[in-house]
Amino acid sequence: MSWREPLSITSNEAILVHHYVQHLGRWLDATDPSRQFTLRIPHEVKYCTILLHSTVCFSARHYKDEGTATSAYGSCISLLIERLNLNTATQDDDLLCAIVILRFFEQLNVPTISGSDNESHLAGSAACLRDLPKKYVDPTAPTLREAAFWVYVRQCLYNSTIDQQAPNIDFSLQLRPEPSSLQNSHPLAQLRLETAWANKMIWVCACVVNFCFDDASDRTNRVDKWHGLWKDVELWGHERPSTFDPIWSGHDREKSVFPGYYFTADWHVVAFGFFHFSSILLLTYKPGPKFALRNVRAKPSETDNQILDHARAICGSCKSASEVVPSLITLCHTMFIWGPLMSDSDEQNELLEILADFEKTQTWPTTWIANALRKEWAIEEII
């Protein structure tokens, strides 16, 4: 590797980069056991100004150092505009990584009461990924650029679910290699295998979200497409490695009204959440005759109860692993699909507690989500 002259970094910047390593890299490495964003970005910030500013900006916002966050963001934006206008923008890995990091800053900066989100950095990521040189994506994420692609997909699913619109993802891309073709012949190969299976579930969920919310798609053979996606979800559940099974699952009413699930690794929890969310979406948007409006006083249907069982699994896994922030982020957007069905007051109260604790501990804005749920549940107290 050629020698590069390091940047001059202040002690405060170093503290914030270290805060990123200790607390925030994990948010981006949700399905990457090799932890590329945690381990490689801190090295790269010593040589790349735009990565340094984006990392400091995100970390300072989480650290509640608003002055530093605002200053770093301003410095970053001018560099972003300059580099996005270059012909090399779609091949600029540092730029892509900086933008997906800034997207987390943008999400933390959403007003907690209104939830207003302009999604500008999501659009920036899409611009960097628009002209991929190859028509396939590697679920094992062997490079930082490919790891950034999977972060972008998860970020897309958050807003696509809340806004109930198709994600800005190129679905002509093919997964290569298929996780089922990989061999577990070495401890490092095991990590590659687990990355592939976790990202496979993310991709299946993205395809499901696109099926549910893409109004411009071909509506013919919709039933067949639904069955194909249902089969994909079921196959993932049957074929994934047994390491994705929880260490323990069951009910402990003294701890939670939701079932408990304890997993070995972050990517197991995250994949579990997207598996259940995919099932919720397919049950909700199954093609067939249905009323446009429902009788709100009616008893839950069999499908409603199935959806709620999947929702409780997501809630329980988040409650059992409150340190796995990406799973809580998944919870925040999935409840816009299933939240109104939850009518049990104990479950409602505990879900609101999970949201409040998430905002308190991680500064992720959830007050607006909790208020939206209270309105759906006809609870008078609005914060």
# chains A, B, ... in the order shown; residues from 1 in each chain; ligands from 1
>>> select_by_dssp(residues="stretch 153-324 of chain A", states="alpha helix (DSSP H)", output="PyMOL selection string")
chain A and resi 153-163+187-213+222-239+266-284+302-320
>>> select_by_dssp(residues="stretch 105-220 of chain A", states="strand (DSSP E)", output="list of chain:residue names")
A:Tyr136, A:Val137, A:Gln174, A:Leu175
>>> closest_residue(among="A:Val151, A:Val257, A:Ile169, A:Leu328", to="A:Ala206", atoms="only C-alpha atoms")
A:Ile169
>>> closest_residue(among="A:Asp32, A:Asp65, A:Asp346, A:Asp309", to="A:Thr143", atoms="only C-alpha atoms")
A:Asp32
>>> residues_around(residues="A:Glu5", least_positions_apart="3", cutoff="12 Å", atoms="only C-alpha atoms", output="number ranges by chain")
A: 2, 8, 44-49
>>> write_last_selection(atoms="N, CA and C atoms", output="tab-separated table (two decimals), in the first residue's frame")
chain	number	residue	atom	x	y	z
A	2	SER	N	0.55	2.21	-0.88
A	2	SER	CA	1.34	3.43	-0.97
A	2	SER	C	1.17	4.27	0.29
A	8	SER	N	-4.10	16.17	10.23
A	8	SER	CA	-3.90	16.65	11.60
A	8	SER	C	-5.26	16.60	12.31
A	44	GLU	N	-9.39	5.04	8.21
A	44	GLU	CA	-9.52	5.87	7.02
A	44	GLU	C	-9.71	7.35	7.35
A	45	VAL	N	-10.32	7.65	8.50
A	45	VAL	CA	-10.55	9.07	8.83
A	45	VAL	C	-9.23	9.83	9.00
A	46	LYS	N	-8.14	9.11	9.23
A	46	LYS	CA	-6.84	9.77	9.38
A	46	LYS	C	-6.30	10.28	8.06
A	47	TYR	N	-6.92	9.84	6.95
A	47	TYR	CA	-6.42	10.21	5.63
A	47	TYR	C	-7.49	10.85	4.74
A	48	CYS	N	-8.73	10.87	5.18
A	48	CYS	CA	-9.82	11.35	4.33
A	48	CYS	C	-10.66	12.38	5.10
A	49	THR	N	-10.62	13.62	4.65
A	49	THR	CA	-11.31	14.70	5.37
A	49	THR	C	-12.81	14.49	5.42
>>> residues_around(residues="A:Gln306", least_positions_apart="6", cutoff="12 Å", atoms="only C-alpha atoms", output="ChimeraX atom specification")
/A:276-277,279-284,300,312-313,338,341-342
>>> write_last_selection(atoms="C-alpha atoms", output="PDB file, in the first residue's frame")
ATOM      1  CA  HIS A 276     -40.816 -11.568  10.842  1.00  0.00           C
ATOM      2  CA  PHE A 277     -41.375  -8.196   9.190  1.00  0.00           C
ATOM      3  CA  SER A 279     -44.070 -12.236   6.991  1.00  0.00           C
ATOM      4  CA  ILE A 280     -46.122  -9.339   8.399  1.00  0.00           C
ATOM      5  CA  LEU A 281     -46.016  -7.488   5.082  1.00  0.00           C
ATOM      6  CA  LEU A 282     -46.983 -10.518   3.024  1.00  0.00           C
ATOM      7  CA  LEU A 283     -49.888 -11.315   5.340  1.00  0.00           C
ATOM      8  CA  THR A 284     -51.017  -7.683   5.237  1.00  0.00           C
ATOM      9  CA  PRO A 300     -59.170  -9.594  15.200  1.00  0.00           C
ATOM     10  CA  ARG A 312     -44.627  -9.723  19.307  1.00  0.00           C
ATOM     11  CA  ALA A 313     -41.571 -11.678  18.177  1.00  0.00           C
ATOM     12  CA  TRP A 338     -48.833  -3.604  12.551  1.00  0.00           C
ATOM     13  CA  LEU A 341     -53.643  -3.981  15.552  1.00  0.00           C
ATOM     14  CA  MET A 342     -52.089  -4.112  19.027  1.00  0.00           C
TER      15      MET A 342
END
>>> decode(residues="stretch 222-257 of chain A", atoms="N, CA and C atoms", output="PDB file, in the first residue's frame")
ATOM      1  N   ARG A 222     -49.907 -11.172  -9.946  1.00  0.00           N
ATOM      2  CA  ARG A 222     -49.566 -10.702  -8.596  1.00  0.00           C
ATOM      3  C   ARG A 222     -49.673 -11.818  -7.561  1.00  0.00           C
ATOM      4  N   VAL A 223     -50.639 -12.698  -7.724  1.00  0.00           N
ATOM      5  CA  VAL A 223     -50.784 -13.820  -6.788  1.00  0.00           C
ATOM      6  C   VAL A 223     -49.564 -14.729  -6.862  1.00  0.00           C
ATOM      7  N   ASP A 224     -49.107 -15.009  -8.088  1.00  0.00           N
ATOM      8  CA  ASP A 224     -47.921 -15.854  -8.254  1.00  0.00           C
ATOM      9  C   ASP A 224     -46.688 -15.197  -7.633  1.00  0.00           C
ATOM     10  N   LYS A 225     -46.565 -13.888  -7.805  1.00  0.00           N
ATOM     11  CA  LYS A 225     -45.429 -13.167  -7.222  1.00  0.00           C
ATOM     12  C   LYS A 225     -45.480 -13.247  -5.695  1.00  0.00           C
ATOM     13  N   TRP A 226     -46.684 -13.116  -5.144  1.00  0.00           N
ATOM     14  CA  TRP A 226     -46.836 -13.199  -3.691  1.00  0.00           C
ATOM     15  C   TRP A 226     -46.376 -14.565  -3.194  1.00  0.00           C
ATOM     16  N   HIS A 227     -46.828 -15.623  -3.857  1.00  0.00           N
ATOM     17  CA  HIS A 227     -46.440 -16.974  -3.443  1.00  0.00           C
ATOM     18  C   HIS A 227     -44.932 -17.184  -3.577  1.00  0.00           C
ATOM     19  N   GLY A 228     -44.329 -16.600  -4.615  1.00  0.00           N
ATOM     20  CA  GLY A 228     -42.886 -16.720  -4.775  1.00  0.00           C
ATOM     21  C   GLY A 228     -42.131 -16.066  -3.631  1.00  0.00           C
ATOM     22  N   LEU A 229     -42.591 -14.900  -3.211  1.00  0.00           N
ATOM     23  CA  LEU A 229     -41.950 -14.204  -2.094  1.00  0.00           C
ATOM     24  C   LEU A 229     -42.186 -14.929  -0.774  1.00  0.00           C
ATOM     25  N   TRP A 230     -43.390 -15.452  -0.589  1.00  0.00           N
ATOM     26  CA  TRP A 230     -43.673 -16.224   0.628  1.00  0.00           C
ATOM     27  C   TRP A 230     -42.744 -17.441   0.709  1.00  0.00           C
ATOM     28  N   LYS A 231     -42.522 -18.063  -0.437  1.00  0.00           N
ATOM     29  CA  LYS A 231     -41.613 -19.216  -0.479  1.00  0.00           C
ATOM     30  C   LYS A 231     -40.189 -18.786  -0.146  1.00  0.00           C
ATOM     31  N   ASP A 232     -39.763 -17.618  -0.649  1.00  0.00           N
ATOM     32  CA  ASP A 232     -38.414 -17.125  -0.352  1.00  0.00           C
ATOM     33  C   ASP A 232     -38.224 -16.908   1.149  1.00  0.00           C
ATOM     34  N   VAL A 233     -39.235 -16.351   1.794  1.00  0.00           N
ATOM     35  CA  VAL A 233     -39.155 -16.117   3.240  1.00  0.00           C
ATOM     36  C   VAL A 233     -39.090 -17.450   3.984  1.00  0.00           C
ATOM     37  N   GLU A 234     -39.953 -18.381   3.596  1.00  0.00           N
ATOM     38  CA  GLU A 234     -39.961 -19.696   4.249  1.00  0.00           C
ATOM     39  C   GLU A 234     -38.643 -20.432   4.038  1.00  0.00           C
ATOM     40  N   LEU A 235     -38.101 -20.366   2.818  1.00  0.00           N
ATOM     41  CA  LEU A 235     -36.834 -21.047   2.528  1.00  0.00           C
ATOM     42  C   LEU A 235     -35.706 -20.491   3.386  1.00  0.00           C
ATOM     43  N   TRP A 236     -35.692 -19.165   3.547  1.00  0.00           N
ATOM     44  CA  TRP A 236     -34.651 -18.591   4.397  1.00  0.00           C
ATOM     45  C   TRP A 236     -34.777 -19.143   5.816  1.00  0.00           C
ATOM     46  N   GLY A 237     -35.996 -19.220   6.319  1.00  0.00           N
ATOM     47  CA  GLY A 237     -36.211 -19.730   7.667  1.00  0.00           C
ATOM     48  C   GLY A 237     -35.782 -21.175   7.831  1.00  0.00           C
ATOM     49  N   HIS A 238     -35.930 -21.973   6.764  1.00  0.00           N
ATOM     50  CA  HIS A 238     -35.593 -23.401   6.838  1.00  0.00           C
ATOM     51  C   HIS A 238     -34.115 -23.672   6.563  1.00  0.00           C
ATOM     52  N   GLU A 239     -33.492 -22.878   5.667  1.00  0.00           N
ATOM     53  CA  GLU A 239     -32.156 -23.211   5.173  1.00  0.00           C
ATOM     54  C   GLU A 239     -31.026 -22.451   5.859  1.00  0.00           C
ATOM     55  N   ARG A 240     -31.311 -21.380   6.542  1.00  0.00           N
ATOM     56  CA  ARG A 240     -30.248 -20.599   7.184  1.00  0.00           C
ATOM     57  C   ARG A 240     -29.510 -21.465   8.205  1.00  0.00           C
ATOM     58  N   PRO A 241     -28.262 -21.124   8.533  1.00  0.00           N
ATOM     59  CA  PRO A 241     -27.504 -21.912   9.514  1.00  0.00           C
ATOM     60  C   PRO A 241     -28.201 -21.949  10.875  1.00  0.00           C
ATOM     61  N   SER A 242     -27.998 -23.021  11.598  1.00  0.00           N
ATOM     62  CA  SER A 242     -28.629 -23.168  12.919  1.00  0.00           C
ATOM     63  C   SER A 242     -28.100 -22.150  13.920  1.00  0.00           C
ATOM     64  N   THR A 243     -26.956 -21.515  13.605  1.00  0.00           N
ATOM     65  CA  THR A 243     -26.426 -20.471  14.484  1.00  0.00           C
ATOM     66  C   THR A 243     -27.374 -19.281  14.583  1.00  0.00           C
ATOM     67  N   PHE A 244     -28.297 -19.155  13.623  1.00  0.00           N
ATOM     68  CA  PHE A 244     -29.279 -18.073  13.657  1.00  0.00           C
ATOM     69  C   PHE A 244     -30.423 -18.370  14.626  1.00  0.00           C
ATOM     70  N   ASP A 245     -30.472 -19.585  15.155  1.00  0.00           N
ATOM     71  CA  ASP A 245     -31.492 -19.912  16.153  1.00  0.00           C
ATOM     72  C   ASP A 245     -31.190 -19.174  17.457  1.00  0.00           C
ATOM     73  N   PRO A 246     -32.205 -18.789  18.198  1.00  0.00           N
ATOM     74  CA  PRO A 246     -31.941 -18.170  19.502  1.00  0.00           C
ATOM     75  C   PRO A 246     -31.324 -19.175  20.473  1.00  0.00           C
ATOM     76  N   ILE A 247     -30.532 -18.669  21.397  1.00  0.00           N
ATOM     77  CA  ILE A 247     -29.991 -19.511  22.466  1.00  0.00           C
ATOM     78  C   ILE A 247     -31.131 -20.031  23.328  1.00  0.00           C
ATOM     79  N   TRP A 248     -32.115 -19.163  23.523  1.00  0.00           N
ATOM     80  CA  TRP A 248     -33.310 -19.501  24.313  1.00  0.00           C
ATOM     81  C   TRP A 248     -34.448 -18.606  23.866  1.00  0.00           C
ATOM     82  N   SER A 249     -35.637 -19.144  23.881  1.00  0.00           N
ATOM     83  CA  SER A 249     -36.832 -18.331  23.636  1.00  0.00           C
ATOM     84  C   SER A 249     -37.951 -18.841  24.527  1.00  0.00           C
ATOM     85  N   GLY A 250     -38.809 -17.945  24.957  1.00  0.00           N
ATOM     86  CA  GLY A 250     -39.915 -18.319  25.824  1.00  0.00           C
ATOM     87  C   GLY A 250     -40.488 -17.095  26.512  1.00  0.00           C
ATOM     88  N   HIS A 251     -41.410 -17.319  27.418  1.00  0.00           N
ATOM     89  CA  HIS A 251     -42.057 -16.222  28.140  1.00  0.00           C
ATOM     90  C   HIS A 251     -41.531 -16.132  29.568  1.00  0.00           C
ATOM     91  N   ASP A 252     -41.210 -14.924  29.973  1.00  0.00           N
ATOM     92  CA  ASP A 252     -40.881 -14.633  31.363  1.00  0.00           C
ATOM     93  C   ASP A 252     -41.704 -13.406  31.748  1.00  0.00           C
ATOM     94  N   ARG A 253     -42.908 -13.660  32.247  1.00  0.00           N
ATOM     95  CA  ARG A 253     -43.865 -12.583  32.491  1.00  0.00           C
ATOM     96  C   ARG A 253     -43.370 -11.555  33.501  1.00  0.00           C
ATOM     97  N   GLU A 254     -42.394 -11.939  34.325  1.00  0.00           N
ATOM     98  CA  GLU A 254     -41.868 -10.974  35.287  1.00  0.00           C
ATOM     99  C   GLU A 254     -41.020  -9.908  34.594  1.00  0.00           C
ATOM    100  N   LYS A 255     -40.488 -10.248  33.415  1.00  0.00           N
ATOM    101  CA  LYS A 255     -39.619  -9.318  32.695  1.00  0.00           C
ATOM    102  C   LYS A 255     -40.336  -8.573  31.579  1.00  0.00           C
ATOM    103  N   SER A 256     -41.293  -9.247  30.922  1.00  0.00           N
ATOM    104  CA  SER A 256     -41.918  -8.628  29.757  1.00  0.00           C
ATOM    105  C   SER A 256     -43.212  -9.340  29.400  1.00  0.00           C
ATOM    106  N   VAL A 257     -44.151  -8.593  28.804  1.00  0.00           N
ATOM    107  CA  VAL A 257     -45.366  -9.227  28.280  1.00  0.00           C
ATOM    108  C   VAL A 257     -45.073  -9.893  26.937  1.00  0.00           C
TER     109      VAL A 257
END
